[in-house]
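One file, target06.tsv, is given below (TSV, C-alpha atoms (C1' of nucleotides)).
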chain	number	residue	atom	x	y	z
A	286	MET	CA	-7.76	-33.42	17.98
A	287	LYS	CA	-4.90	-31.97	16.06
A	288	ASN	CA	-2.80	-34.31	13.98
A	289	ALA	CA	-1.06	-31.34	12.52
A	290	PRO	CA	-1.05	-28.76	15.26
A	291	ASP	CA	1.37	-26.62	13.30
A	292	LYS	CA	-0.66	-26.45	10.12
A	293	ARG	CA	-2.08	-23.10	11.02
A	294	GLU	CA	1.48	-21.93	11.47
A	295	ARG	CA	2.50	-23.29	8.10
A	296	LEU	CA	-0.39	-21.53	6.46
A	297	THR	CA	0.49	-18.30	8.19
A	298	ASP	CA	4.12	-18.69	7.15
A	299	ALA	CA	3.24	-19.11	3.51
A	300	ALA	CA	0.67	-16.35	3.63
A	301	ALA	CA	3.14	-13.92	5.17
A	302	VAL	CA	5.70	-14.51	2.44
A	303	LEU	CA	3.24	-14.46	-0.44
A	304	ILE	CA	1.36	-11.42	0.77
A	305	HIS	CA	4.58	-9.55	1.35
A	306	ARG	CA	5.61	-10.22	-2.24
A	307	GLN	CA	2.32	-9.99	-4.08
A	308	GLY	CA	0.23	-7.87	-1.78
A	309	PHE	CA	-2.94	-8.86	0.03
A	310	ALA	CA	-5.26	-8.24	-2.89
A	311	HIS	CA	-3.28	-10.25	-5.41
A	312	THR	CA	-2.71	-13.22	-3.15
A	313	THR	CA	-5.49	-15.79	-3.32
A	314	LEU	CA	-6.32	-18.34	-0.70
A	315	ALA	CA	-5.58	-20.90	-3.40
A	316	ASP	CA	-2.03	-19.51	-3.66
A	317	ILE	CA	-1.59	-19.91	0.06
A	318	ALA	CA	-3.08	-23.40	0.06
A	319	VAL	CA	-0.76	-24.57	-2.70
A	320	ALA	CA	2.32	-23.08	-1.06
A	321	SER	CA	1.39	-24.85	2.16
A	322	ASN	CA	0.52	-28.19	0.59
A	323	VAL	CA	-2.98	-27.93	1.93
A	324	ALA	CA	-6.25	-28.28	0.09
A	325	LEU	CA	-8.11	-25.06	-0.56
A	326	GLY	CA	-11.10	-26.14	1.47
A	327	SER	CA	-8.93	-26.88	4.47
A	328	VAL	CA	-7.83	-23.30	4.74
A	329	TYR	CA	-11.28	-22.46	6.01
A	330	TYR	CA	-10.88	-24.84	8.87
A	331	TYR	CA	-8.15	-22.58	10.23
A	332	PHE	CA	-9.32	-19.19	9.04
A	333	LYS	CA	-12.92	-18.10	8.84
A	334	THR	CA	-12.23	-15.43	6.24
A	335	LYS	CA	-9.38	-14.00	4.22
A	336	ASP	CA	-9.26	-11.02	6.56
A	337	ASP	CA	-8.52	-13.44	9.36
A	338	VAL	CA	-5.38	-14.45	7.52
A	339	ALA	CA	-4.31	-10.80	7.50
A	340	LYS	CA	-4.91	-10.61	11.23
A	341	ALA	CA	-2.78	-13.69	11.80
A	342	ILE	CA	0.04	-12.13	9.80
A	343	LEU	CA	-0.22	-8.87	11.70
A	344	ASN	CA	-0.05	-10.76	14.99
A	345	ARG	CA	2.94	-12.65	13.68
A	346	ARG	CA	4.70	-9.40	12.76
A	347	GLN	CA	3.90	-8.04	16.17
A	348	SER	CA	5.53	-11.06	17.82
A	349	GLU	CA	8.58	-10.82	15.58
A	350	ILE	CA	9.08	-7.19	16.49
A	351	SER	CA	8.71	-7.81	20.20
A	352	GLN	CA	11.20	-10.63	20.01
A	353	THR	CA	13.68	-8.61	17.97
A	354	LEU	CA	13.46	-5.71	20.37
A	355	GLU	CA	14.03	-8.04	23.29
A	356	GLU	CA	17.20	-9.30	21.66
A	357	ILE	CA	18.40	-5.78	20.97
A	358	ASP	CA	17.67	-4.90	24.58
A	359	GLN	CA	20.59	-7.11	25.54
A	360	LEU	CA	22.94	-4.43	24.24
A	361	PRO	CA	24.20	-2.29	27.12
A	362	ASP	CA	23.97	1.13	25.47
A	363	SER	CA	20.71	2.66	24.29
A	364	ARG	CA	22.46	4.50	21.48
A	365	LYS	CA	23.82	1.20	20.24
A	366	ARG	CA	20.39	-0.29	20.55
A	367	LEU	CA	18.89	2.36	18.29
A	368	GLU	CA	21.70	1.83	15.82
A	369	ALA	CA	21.00	-1.89	15.91
A	370	LEU	CA	17.44	-1.17	14.87
A	371	VAL	CA	18.68	0.85	11.91
A	372	ASN	CA	20.99	-1.98	10.94
A	373	ILE	CA	18.08	-4.34	10.60
A	374	TRP	CA	16.91	-2.21	7.70
A	375	VAL	CA	20.41	-2.40	6.24
A	376	SER	CA	20.35	-6.17	6.40
A	377	ASP	CA	16.92	-6.32	4.83
A	378	ARG	CA	17.52	-3.68	2.21
A	379	ASP	CA	17.32	-5.96	-0.81
A	380	ILE	CA	14.05	-7.54	0.14
A	381	ASP	CA	12.60	-4.23	1.32
A	382	ALA	CA	13.53	-2.55	-1.94
A	383	ARG	CA	11.82	-5.33	-3.83
A	384	TYR	CA	8.68	-5.72	-1.77
A	385	GLY	CA	8.59	-2.88	0.73
A	386	CYS	CA	8.61	-3.15	4.49
A	387	PRO	CA	6.58	-6.25	5.45
A	388	ILE	CA	4.68	-4.27	8.03
A	389	GLY	CA	4.38	-0.86	6.42
A	390	SER	CA	3.29	-2.07	3.02
A	391	LEU	CA	0.69	-4.40	4.50
A	392	CYS	CA	-0.72	-1.76	6.84
A	393	TYR	CA	-0.96	0.76	4.04
A	394	GLU	CA	-2.83	-1.71	1.87
A	395	LEU	CA	-5.18	-2.90	4.57
A	396	ALA	CA	-6.06	0.61	5.63
A	397	LYS	CA	-7.89	1.19	2.36
A	398	GLY	CA	-11.62	0.63	2.11
A	399	ARG	CA	-11.88	-1.16	5.38
A	400	GLY	CA	-13.27	-0.49	8.79
A	401	PRO	CA	-12.21	-2.52	11.80
A	402	LEU	CA	-8.78	-3.96	11.18
A	403	SER	CA	-6.94	-0.83	12.20
A	404	SER	CA	-6.26	-1.97	15.74
A	405	GLU	CA	-4.23	-4.98	14.64
A	406	ALA	CA	-2.49	-2.89	12.01
A	407	SER	CA	-1.40	-0.14	14.36
A	408	GLU	CA	-0.09	-2.42	17.08
A	409	PRO	CA	3.35	-3.17	15.58
A	410	PHE	CA	3.96	0.54	15.11
A	411	ARG	CA	2.88	1.38	18.63
A	412	THR	CA	5.30	-1.21	19.95
A	413	LEU	CA	8.14	0.13	17.85
A	414	LEU	CA	7.41	3.73	18.78
A	415	ALA	CA	7.16	3.00	22.48
A	416	TRP	CA	10.46	1.15	22.42
A	417	CYS	CA	12.28	3.93	20.56
A	418	GLU	CA	10.81	6.51	22.89
A	419	LYS	CA	12.15	4.58	25.85
A	420	GLN	CA	15.63	4.53	24.35
A	421	PHE	CA	15.62	8.28	23.84
A	422	ARG	CA	14.40	8.78	27.37
A	423	LEU	CA	17.39	6.76	28.53
A	424	LEU	CA	19.55	9.15	26.56
A	425	GLY	CA	18.23	11.93	28.76
A	426	LYS	CA	15.62	13.41	26.45
A	427	SER	CA	12.42	14.93	27.80
A	428	LYS	CA	9.25	12.94	27.33
A	429	GLN	CA	8.15	15.26	24.55
A	430	LYS	CA	11.49	15.19	22.74
A	431	ALA	CA	11.74	11.45	23.09
A	432	ALA	CA	8.32	10.95	21.54
A	433	ALA	CA	9.17	13.25	18.65
A	434	PHE	CA	12.50	11.53	18.07
A	435	ALA	CA	10.88	8.12	18.11
A	436	LEU	CA	8.36	9.26	15.56
A	437	HIS	CA	11.11	10.65	13.38
A	438	MET	CA	13.08	7.44	13.63
A	439	VAL	CA	10.25	5.13	12.68
A	440	ALA	CA	8.96	7.46	10.00
A	441	SER	CA	12.38	7.63	8.39
A	442	LEU	CA	12.69	3.87	8.30
A	443	GLN	CA	9.21	3.38	6.93
A	444	GLY	CA	9.65	6.15	4.41
A	445	ILE	CA	12.95	4.91	3.08
A	446	SER	CA	11.47	1.45	2.58
A	447	LEU	CA	8.71	2.97	0.49
A	448	ILE	CA	11.11	5.10	-1.54
A	449	ALA	CA	13.55	2.25	-2.07
A	450	ASN	CA	10.64	0.14	-3.28
A	451	ALA	CA	9.30	2.82	-5.62
A	452	LEU	CA	12.73	3.42	-7.12
A	453	GLY	CA	13.87	-0.18	-6.92
A	454	GLU	CA	17.11	0.96	-5.34
A	455	PRO	CA	18.32	-0.81	-2.17
A	456	ASP	CA	21.20	1.62	-1.90
A	457	THR	CA	18.87	4.38	-0.83
A	458	ILE	CA	18.37	2.42	2.37
A	459	LEU	CA	22.11	2.34	2.86
A	460	SER	CA	22.29	6.09	2.47
A	461	GLU	CA	19.47	6.73	4.90
A	462	ALA	CA	20.89	4.30	7.45
A	463	LYS	CA	24.16	6.20	7.36
A	464	PHE	CA	22.29	9.43	7.86
A	465	LEU	CA	20.35	8.11	10.83
A	466	SER	CA	23.44	6.59	12.44
A	467	ASP	CA	25.22	9.94	12.20
A	468	TRP	CA	22.23	11.63	13.70
A	469	LEU	CA	22.09	9.14	16.57
A	470	ARG	CA	25.73	9.74	17.39
A	471	ASN	CA	25.12	13.44	17.86
A	472	VAL	CA	21.70	13.38	19.44
B	100	MET	CA	-14.72	14.54	-32.55
B	101	LYS	CA	-15.08	15.31	-28.94
B	102	ASN	CA	-18.28	16.75	-27.65
B	103	ALA	CA	-16.97	16.44	-24.15
B	104	PRO	CA	-13.24	16.94	-24.47
B	105	ASP	CA	-12.89	17.09	-20.73
B	106	LYS	CA	-14.60	13.80	-19.99
B	107	ARG	CA	-11.32	12.00	-19.69
B	108	GLU	CA	-10.31	14.63	-17.18
B	109	ARG	CA	-13.52	14.17	-15.22
B	110	LEU	CA	-12.97	10.44	-15.10
B	111	THR	CA	-9.40	10.91	-13.95
B	112	ASP	CA	-10.55	13.37	-11.31
B	113	ALA	CA	-13.07	10.97	-9.87
B	114	ALA	CA	-10.68	8.04	-10.10
B	115	ALA	CA	-7.94	9.92	-8.27
B	116	VAL	CA	-10.23	10.76	-5.36
B	117	LEU	CA	-11.84	7.33	-5.12
B	118	ILE	CA	-8.60	5.41	-5.45
B	119	HIS	CA	-6.93	7.59	-2.86
B	120	ARG	CA	-9.74	6.82	-0.42
B	121	GLN	CA	-10.52	3.20	-1.22
B	122	GLY	CA	-7.30	2.00	-2.80
B	123	PHE	CA	-6.83	0.78	-6.35
B	124	ALA	CA	-8.00	-2.78	-5.71
B	125	HIS	CA	-11.25	-1.81	-4.00
B	126	THR	CA	-12.22	0.84	-6.51
B	127	THR	CA	-14.21	-0.53	-9.44
B	128	LEU	CA	-14.58	1.04	-12.83
B	129	ALA	CA	-18.27	1.13	-12.04
B	130	ASP	CA	-17.52	3.30	-9.00
B	131	ILE	CA	-15.58	5.69	-11.17
B	132	ALA	CA	-18.24	5.73	-13.85
B	133	VAL	CA	-20.99	6.54	-11.36
B	134	ALA	CA	-18.95	9.28	-9.70
B	135	SER	CA	-18.32	10.83	-13.11
B	136	ASN	CA	-21.88	10.50	-14.37
B	137	VAL	CA	-20.68	8.33	-17.21
B	138	ALA	CA	-21.92	4.95	-18.33
B	139	LEU	CA	-19.69	2.04	-17.43
B	140	GLY	CA	-19.15	1.09	-21.05
B	141	SER	CA	-17.99	4.59	-21.90
B	142	VAL	CA	-15.06	4.35	-19.54
B	143	TYR	CA	-13.45	1.99	-22.01
B	144	TYR	CA	-13.58	4.59	-24.70
B	145	TYR	CA	-11.11	6.65	-22.69
B	146	PHE	CA	-9.10	3.93	-20.96
B	147	LYS	CA	-8.17	0.62	-22.50
B	148	THR	CA	-7.70	-1.11	-19.15
B	149	LYS	CA	-7.96	-0.38	-15.45
B	150	ASP	CA	-4.20	-0.12	-15.26
B	151	ASP	CA	-4.40	2.73	-17.74
B	152	VAL	CA	-6.49	4.60	-15.19
B	153	ALA	CA	-3.68	4.16	-12.69
B	154	LYS	CA	-1.20	5.53	-15.19
B	155	ALA	CA	-3.39	8.56	-15.79
B	156	ILE	CA	-3.54	9.23	-12.06
B	157	LEU	CA	0.21	8.85	-11.70
B	158	ASN	CA	0.73	11.33	-14.54
B	159	ARG	CA	-1.72	13.65	-12.87
B	160	ARG	CA	0.17	13.46	-9.58
B	161	GLN	CA	3.39	14.08	-11.42
B	162	SER	CA	1.94	17.25	-12.94
B	163	GLU	CA	0.59	18.42	-9.61
B	164	ILE	CA	3.99	18.04	-8.00
B	165	SER	CA	5.80	19.84	-10.78
B	166	GLN	CA	3.33	22.68	-10.55
B	167	THR	CA	3.53	22.89	-6.79
B	168	LEU	CA	7.31	22.96	-6.87
B	169	GLU	CA	7.24	25.71	-9.48
B	170	GLU	CA	5.09	27.79	-7.19
B	171	ILE	CA	7.37	27.18	-4.26
B	172	ASP	CA	10.32	28.12	-6.44
B	173	GLN	CA	9.02	31.68	-6.34
B	174	LEU	CA	10.20	31.96	-2.75
B	175	PRO	CA	13.58	33.68	-2.61
B	176	ASP	CA	15.27	31.46	-0.03
B	177	SER	CA	15.93	27.75	-0.56
B	178	ARG	CA	15.56	27.07	3.15
B	179	LYS	CA	12.13	28.67	3.06
B	180	ARG	CA	11.32	26.61	0.00
B	181	LEU	CA	12.10	23.37	1.80
B	182	GLU	CA	10.02	24.50	4.74
B	183	ALA	CA	7.19	25.29	2.37
B	184	LEU	CA	7.31	21.71	1.19
B	185	VAL	CA	7.01	20.47	4.75
B	186	ASN	CA	4.08	22.78	5.31
B	187	ILE	CA	2.16	21.13	2.52
B	188	TRP	CA	2.11	18.01	4.64
B	189	VAL	CA	0.89	20.07	7.58
B	190	SER	CA	-1.99	21.42	5.51
B	191	ASP	CA	-2.90	17.96	4.26
B	192	ARG	CA	-2.46	16.19	7.57
B	193	ASP	CA	-6.10	15.27	8.10
B	194	ILE	CA	-6.59	13.72	4.70
B	195	ASP	CA	-3.17	12.04	4.80
B	196	ALA	CA	-3.90	10.52	8.19
B	197	ARG	CA	-7.17	9.17	6.86
B	198	TYR	CA	-6.05	7.90	3.48
B	199	GLY	CA	-2.28	8.11	3.37
B	200	CYS	CA	-0.18	10.14	0.99
B	201	PRO	CA	-1.92	10.12	-2.41
B	202	ILE	CA	1.33	9.26	-4.13
B	203	GLY	CA	3.04	7.01	-1.61
B	204	SER	CA	0.06	4.84	-0.84
B	205	LEU	CA	-0.74	4.35	-4.51
B	206	CYS	CA	2.85	3.52	-5.44
B	207	TYR	CA	3.12	1.03	-2.63
B	208	GLU	CA	-0.06	-0.68	-3.73
B	209	LEU	CA	0.78	-0.75	-7.42
B	210	ALA	CA	4.25	-2.11	-6.80
B	211	LYS	CA	2.79	-5.42	-5.64
B	212	GLY	CA	2.38	-8.29	-8.07
B	213	ARG	CA	2.99	-6.19	-11.12
B	214	GLY	CA	5.68	-5.77	-13.69
B	215	PRO	CA	5.88	-2.71	-15.87
B	216	LEU	CA	4.18	0.16	-14.14
B	217	SER	CA	7.16	1.05	-12.01
B	218	SER	CA	8.41	3.76	-14.31
B	219	GLU	CA	5.29	5.86	-13.95
B	220	ALA	CA	5.21	5.16	-10.23
B	221	SER	CA	8.76	6.27	-9.57
B	222	GLU	CA	8.58	9.47	-11.56
B	223	PRO	CA	6.89	11.66	-8.92
B	224	PHE	CA	9.50	10.62	-6.38
B	225	ARG	CA	12.38	11.28	-8.74
B	226	THR	CA	11.02	14.75	-9.36
B	227	LEU	CA	10.64	15.45	-5.67
B	228	LEU	CA	14.08	14.10	-4.83
B	229	ALA	CA	15.80	16.05	-7.59
B	230	TRP	CA	14.12	19.24	-6.48
B	231	CYS	CA	15.09	18.78	-2.83
B	232	GLU	CA	18.62	17.92	-3.81
B	233	LYS	CA	18.84	21.15	-5.76
B	234	GLN	CA	17.71	23.14	-2.73
B	235	PHE	CA	20.35	21.56	-0.52
B	236	ARG	CA	22.99	22.25	-3.14
B	237	LEU	CA	21.94	25.89	-3.05
B	238	LEU	CA	22.50	25.76	0.70
B	239	GLY	CA	26.11	24.87	-0.04
B	240	LYS	CA	26.01	21.14	0.51
B	241	SER	CA	28.18	18.77	-1.48
B	242	LYS	CA	26.50	16.72	-4.18
B	243	GLN	CA	26.66	13.64	-1.99
B	244	LYS	CA	25.33	15.37	1.12
B	245	ALA	CA	22.59	17.05	-0.84
B	246	ALA	CA	21.43	13.73	-2.27
B	247	ALA	CA	21.41	12.13	1.17
B	248	PHE	CA	19.52	15.06	2.69
B	249	ALA	CA	16.95	14.99	-0.08
B	250	LEU	CA	16.41	11.30	0.49
B	251	HIS	CA	16.02	11.87	4.21
B	252	MET	CA	13.55	14.66	3.62
B	253	VAL	CA	11.28	12.75	1.29
B	254	ALA	CA	11.54	9.55	3.30
B	255	SER	CA	10.51	11.38	6.46
B	256	LEU	CA	7.49	12.88	4.78
B	257	GLN	CA	6.43	9.60	3.23
B	258	GLY	CA	7.03	7.70	6.42
B	259	ILE	CA	5.09	10.06	8.62
B	260	SER	CA	2.13	9.83	6.25
B	261	LEU	CA	2.18	6.07	6.60
B	262	ILE	CA	2.49	6.19	10.38
B	263	ALA	CA	-0.21	8.82	10.73
B	264	ASN	CA	-2.46	6.64	8.61
B	265	ALA	CA	-1.72	3.47	10.54
B	266	LEU	CA	-2.33	5.20	13.87
B	267	GLY	CA	-5.12	7.44	12.62
B	268	GLU	CA	-3.42	10.41	14.23
B	269	PRO	CA	-2.93	13.57	12.16
B	270	ASP	CA	-1.00	15.15	15.01
B	271	THR	CA	1.96	12.90	14.35
B	272	ILE	CA	2.41	14.82	11.10
B	273	LEU	CA	2.44	18.04	13.08
B	274	SER	CA	5.15	16.68	15.33
B	275	GLU	CA	7.30	15.49	12.46
B	276	ALA	CA	6.88	18.74	10.56
B	277	LYS	CA	8.14	20.61	13.60
B	278	PHE	CA	11.11	18.29	13.79
B	279	LEU	CA	11.98	18.74	10.13
B	280	SER	CA	11.61	22.52	10.30
B	281	ASP	CA	14.01	22.62	13.23
B	282	TRP	CA	16.43	20.45	11.35
B	283	LEU	CA	16.22	22.66	8.27
B	284	ARG	CA	17.00	25.74	10.32
B	285	ASN	CA	20.26	24.23	11.54
B	286	VAL	CA	21.34	22.36	8.45
C	290	DG	C1'	-19.13	8.98	-28.63
C	291	DT	C1'	-22.41	7.12	-25.66
C	292	DC	C1'	-25.27	3.90	-24.09
C	293	DT	C1'	-27.40	-1.04	-22.42
C	294	DA	C1'	-26.76	-5.65	-22.14
C	295	DT	C1'	-23.89	-9.38	-21.60
C	296	DA	C1'	-19.92	-12.49	-21.84
C	297	DT	C1'	-16.12	-14.18	-19.14
C	298	DG	C1'	-13.19	-15.40	-15.62
C	299	DG	C1'	-11.65	-15.48	-11.18
C	300	DA	C1'	-11.77	-15.69	-6.19
C	301	DG	C1'	-14.07	-16.15	-1.66
C	302	DA	C1'	-16.73	-19.17	0.56
C	303	DT	C1'	-19.63	-23.52	1.36
C	304	DA	C1'	-21.35	-28.54	1.10
C	305	DG	C1'	-20.72	-32.78	2.24
C	306	DA	C1'	-18.22	-37.30	1.57
C	307	DC	C1'	-14.50	-39.64	3.78
D	10	DG	C1'	-9.57	-32.74	10.09
D	11	DT	C1'	-9.05	-33.12	5.35
D	12	DC	C1'	-10.41	-33.44	0.94
D	13	DT	C1'	-13.06	-32.53	-3.88
D	14	DA	C1'	-16.53	-30.35	-6.05
D	15	DT	C1'	-19.24	-26.54	-6.51
D	16	DC	C1'	-21.93	-22.33	-5.59
D	17	DT	C1'	-22.17	-17.53	-6.06
D	18	DC	C1'	-20.94	-13.12	-6.63
D	19	DC	C1'	-18.72	-9.46	-8.69
D	20	DA	C1'	-15.49	-6.89	-11.55
D	21	DT	C1'	-13.15	-6.45	-15.94
D	22	DA	C1'	-13.94	-6.21	-20.39
D	23	DT	C1'	-16.65	-6.64	-24.88
D	24	DA	C1'	-20.61	-6.42	-28.31
D	25	DG	C1'	-23.31	-3.91	-30.76
D	26	DA	C1'	-27.44	-0.71	-31.18
D	27	DC	C1'	-28.19	4.21	-31.40
Let's see the structure in the file written out as structure tokens.
Amino acid sequence: MKNAPDKRERLTDAAAVLIHRQGFAHTTLADIAVASNVALGSVYYYFKTKDDVAKAILNRRQSEISQTLEEIDQLPDSRKRLEALVNIWVSDRDIDARYGCPIGSLCYELAKGRGPLSSEASEPFRTLLAWCEKQFRLLGKSKQKAAAFALHMVASLQGISLIANALGEPDTILSEAKFLSDWLRNV
Amino acid sequence: MKNAPDKRERLTDAAAVLIHRQGFAHTTLADIAVASNVALGSVYYYFKTKDDVAKAILNRRQSEISQTLEEIDQLPDSRKRLEALVNIWVSDRDIDARYGCPIGSLCYELAKGRGPLSSEASEPFRTLLAWCEKQFRLLGKSKQKAAAFALHMVASLQGISLIANALGEPDTILSEAKFLSDWLRNV
DNA sequence: GTCTATATGGAGATAGAC
DNA sequence: GTCTATCTCCATATAGAC
């Protein structure tokens, strides 16, 4: 029976924040336990291993993206929808400059020295790419063009997060967002 | 006196390769020592701490970039020079898809849970950005435009390395390179 | 300068009472 | 389900002979 059915959620919440800020390697299960007001030993009731925590976060990110894209899908114009995606990066520029993109930085870290975690890690990107591709298709682009444009879009956003983080300059995200918006208007 | 004046170089060589493949966190000094045919204890004669190894690699990357850009600078046309930069990513697409960009992935990892290592980490990017900006200036762009274009260029290359790595698909780099080359022709 | 041996601390994971 | 206490491993770093 579950007296605290949301405890796994709370743990995942805390883990997502801490791991975004400190990275997966530097975040201990003790850190997560403390931040969640849970005893260290209890963590293992909800997660068999530390890698399982990473999986939970990845799934969480996947859900967040799907939900965000659904909201954006309410906009009537696909060009506006793509711009809305760019504007998310604008809104998050301070936190992204400090800690990197929550998805990109985690995927990059988890990809190292590790075998089978790639599927979970690639899923958020596949979702994002498929959605962008659809928008470009709606703008009349060929399947090939749409795929290339989607790739360019997501790569630019991921890349600028990395650069902004390396330089510690949120304004670089502003600059790139402006560039992408201009591009979208003429595409 | 140094009987093996290049031993520090050998250690840095091995460390650069191993850390690119396995990440900084998962690469032990013992790994590096073995790969260099050096006793573990001897590593500390050349590097005070593990972080010092990271610094050495960052400096190494910085040198590599400077050298590469100098070579590219031999080309007579700045548009061709920018394309040459893109083509480096094409050449390295298999290794980048497997392990990520040697610079970007390392910077992203080192940025987490760490204070003063940022200066070394940002230097390669500053060099790359300044060089690209110069090329766009030579193409007649305003200072502002040139800076924005340089940012877009480097972000795209970094981002596509991350995506290619997450998806395990080198061909995405090919696609993005084609996109950037087209863009450069019309810019 | 180079080595072997070892100290030290930290983090993942488990045991078992409640 | 939740806790405290603890096991165990492993990686950084040091000591000190050669």
Requested in this report: Would you be able to write out as a PyMOL selection string which residues have an atom within 12 Å of (-3.8, -20.0, 3.1) in the file's coordinates, counting only C-alpha atoms (C1' of nucleotides)?
Outcome: (chain A and resi 292-304+309+312-339+341-342) or (chain C and resi 301)
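The set of protein, DNA and RNA residues with any counted atom at most 12 Å from (-21.2, -10.8, -8.0) (all atoms listed in the file) reads C:DG298, C:DG299, C:DA300, C:DG301, D:DC16, D:DT17, D:DC18, D:DC19, D:DA20.
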- [ ] Find the residues of chain C in contact range of chain B, meaning any atom within 10 Å when counting all atoms listed in the file, and list them as a list in words.
- [x]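 So the residues of chain C near chain B are DG290, DT291, DC292 and DT293 of chain C.
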- Message: Show me, as a list of chain:residue names, every residue of chain D with an atom at most 12 Å from chain B, counting all atoms listed in the file.
- Response: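 Every residue of chain D that passes the 12 Å test is in D:DC19, D:DA20, D:DT21, D:DA22, D:DT23, D:DA24, D:DG25.
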Find the nearest atom pair between each residue of chain B and chain A for residues within 8 Å, count only C-alpha atoms, give distances in Å to one decimal, sort rows by chain and ascending number, and present the table as a Markdown table.
| residue | atom | partner | partner_atom | distance |
| --- | --- | --- | --- | --- |
| B:Arg120 | CA | A:Lys397 | CA | 6.5 |
| B:Gln121 | CA | A:Gly398 | CA | 4.3 |
| B:Gly122 | CA | A:Lys397 | CA | 5.3 |
| B:Ala124 | CA | A:Ala310 | CA | 6.7 |
| B:His125 | CA | A:Gly398 | CA | 6.6 |
| B:Tyr198 | CA | A:Lys397 | CA | 7.0 |
| B:Gly199 | CA | A:Tyr393 | CA | 7.5 |
| B:Gly203 | CA | A:Leu447 | CA | 7.3 |
| B:Ser204 | CA | A:Tyr393 | CA | 6.4 |
| B:Cys206 | CA | A:Ala451 | CA | 6.5 |
| B:Tyr207 | CA | A:Ser390 | CA | 6.4 |
| B:Glu208 | CA | A:Glu394 | CA | 6.3 |
| B:Ala210 | CA | A:Ala451 | CA | 7.2 |
| B:Lys211 | CA | A:Gln307 | CA | 4.9 |
| B:Gly212 | CA | A:Gln307 | CA | 4.3 |
| B:Ser217 | CA | A:Ala451 | CA | 7.0 |
| B:Ala220 | CA | A:Ala451 | CA | 6.6 |
| B:Ser221 | CA | A:Ala451 | CA | 5.3 |
| B:Phe224 | CA | A:Ile448 | CA | 7.5 |
| B:Ala247 | CA | A:Ser460 | CA | 6.2 |
| B:Leu250 | CA | A:Glu461 | CA | 7.0 |
| B:His251 | CA | A:Glu461 | CA | 6.2 |
| B:Val253 | CA | A:Gly444 | CA | 7.5 |
| B:Ala254 | CA | A:Gly444 | CA | 4.0 |
| B:Ser255 | CA | A:Ser441 | CA | 4.6 |
| B:Leu256 | CA | A:Gly444 | CA | 7.1 |
| B:Gln257 | CA | A:Gly444 | CA | 4.9 |
| B:Gly258 | CA | A:Gly444 | CA | 3.6 |
| B:Ile259 | CA | A:Ala440 | CA | 4.9 |
| B:Leu261 | CA | A:Tyr393 | CA | 6.7 |
| B:Ile262 | CA | A:Ala440 | CA | 6.6 |
| B:Asn264 | CA | A:Tyr393 | CA | 7.6 |
| B:Ala265 | CA | A:Ser407 | CA | 5.3 |
| B:Leu266 | CA | A:Ser407 | CA | 5.4 |
| B:Thr271 | CA | A:Leu436 | CA | 7.5 |
| B:Ser274 | CA | A:Ala433 | CA | 6.2 |
| B:Glu275 | CA | A:His437 | CA | 6.2 |
| B:Phe278 | CA | A:Ala433 | CA | 7.3 |
Which of these, A:Arg422, A:Ile388, A:Asp377, A:Pro455, has the shortest distance to Arg345 (chain A) once you count all atoms listed in the file?
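Closest residue, counting all atoms listed in the file: A:Ile388.
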>> Quick check, in Å to one decimal: how far apart do CA of Arg160 (chain B) and CA of Ala382 (chain A) lie?
In response: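 Computing the Euclidean distance for CA of Arg160 (chain B) and CA of Ala382 (chain A) yields 22.2 Å.
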I'd like the contact shell of DG305 (chain C) - 12 Å cut-off, all atoms listed in the file, skipping same-chain residues fewer than 5 positions apart - returned as a list in words.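 My reading of the contact set: Gly326 of chain A; DC12, DT13, DA14 and DT15 of chain D.
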One decimal place gives the CA of Glu454 (chain A)-CA of Ala229 (chain B) separation as 15.3 Å
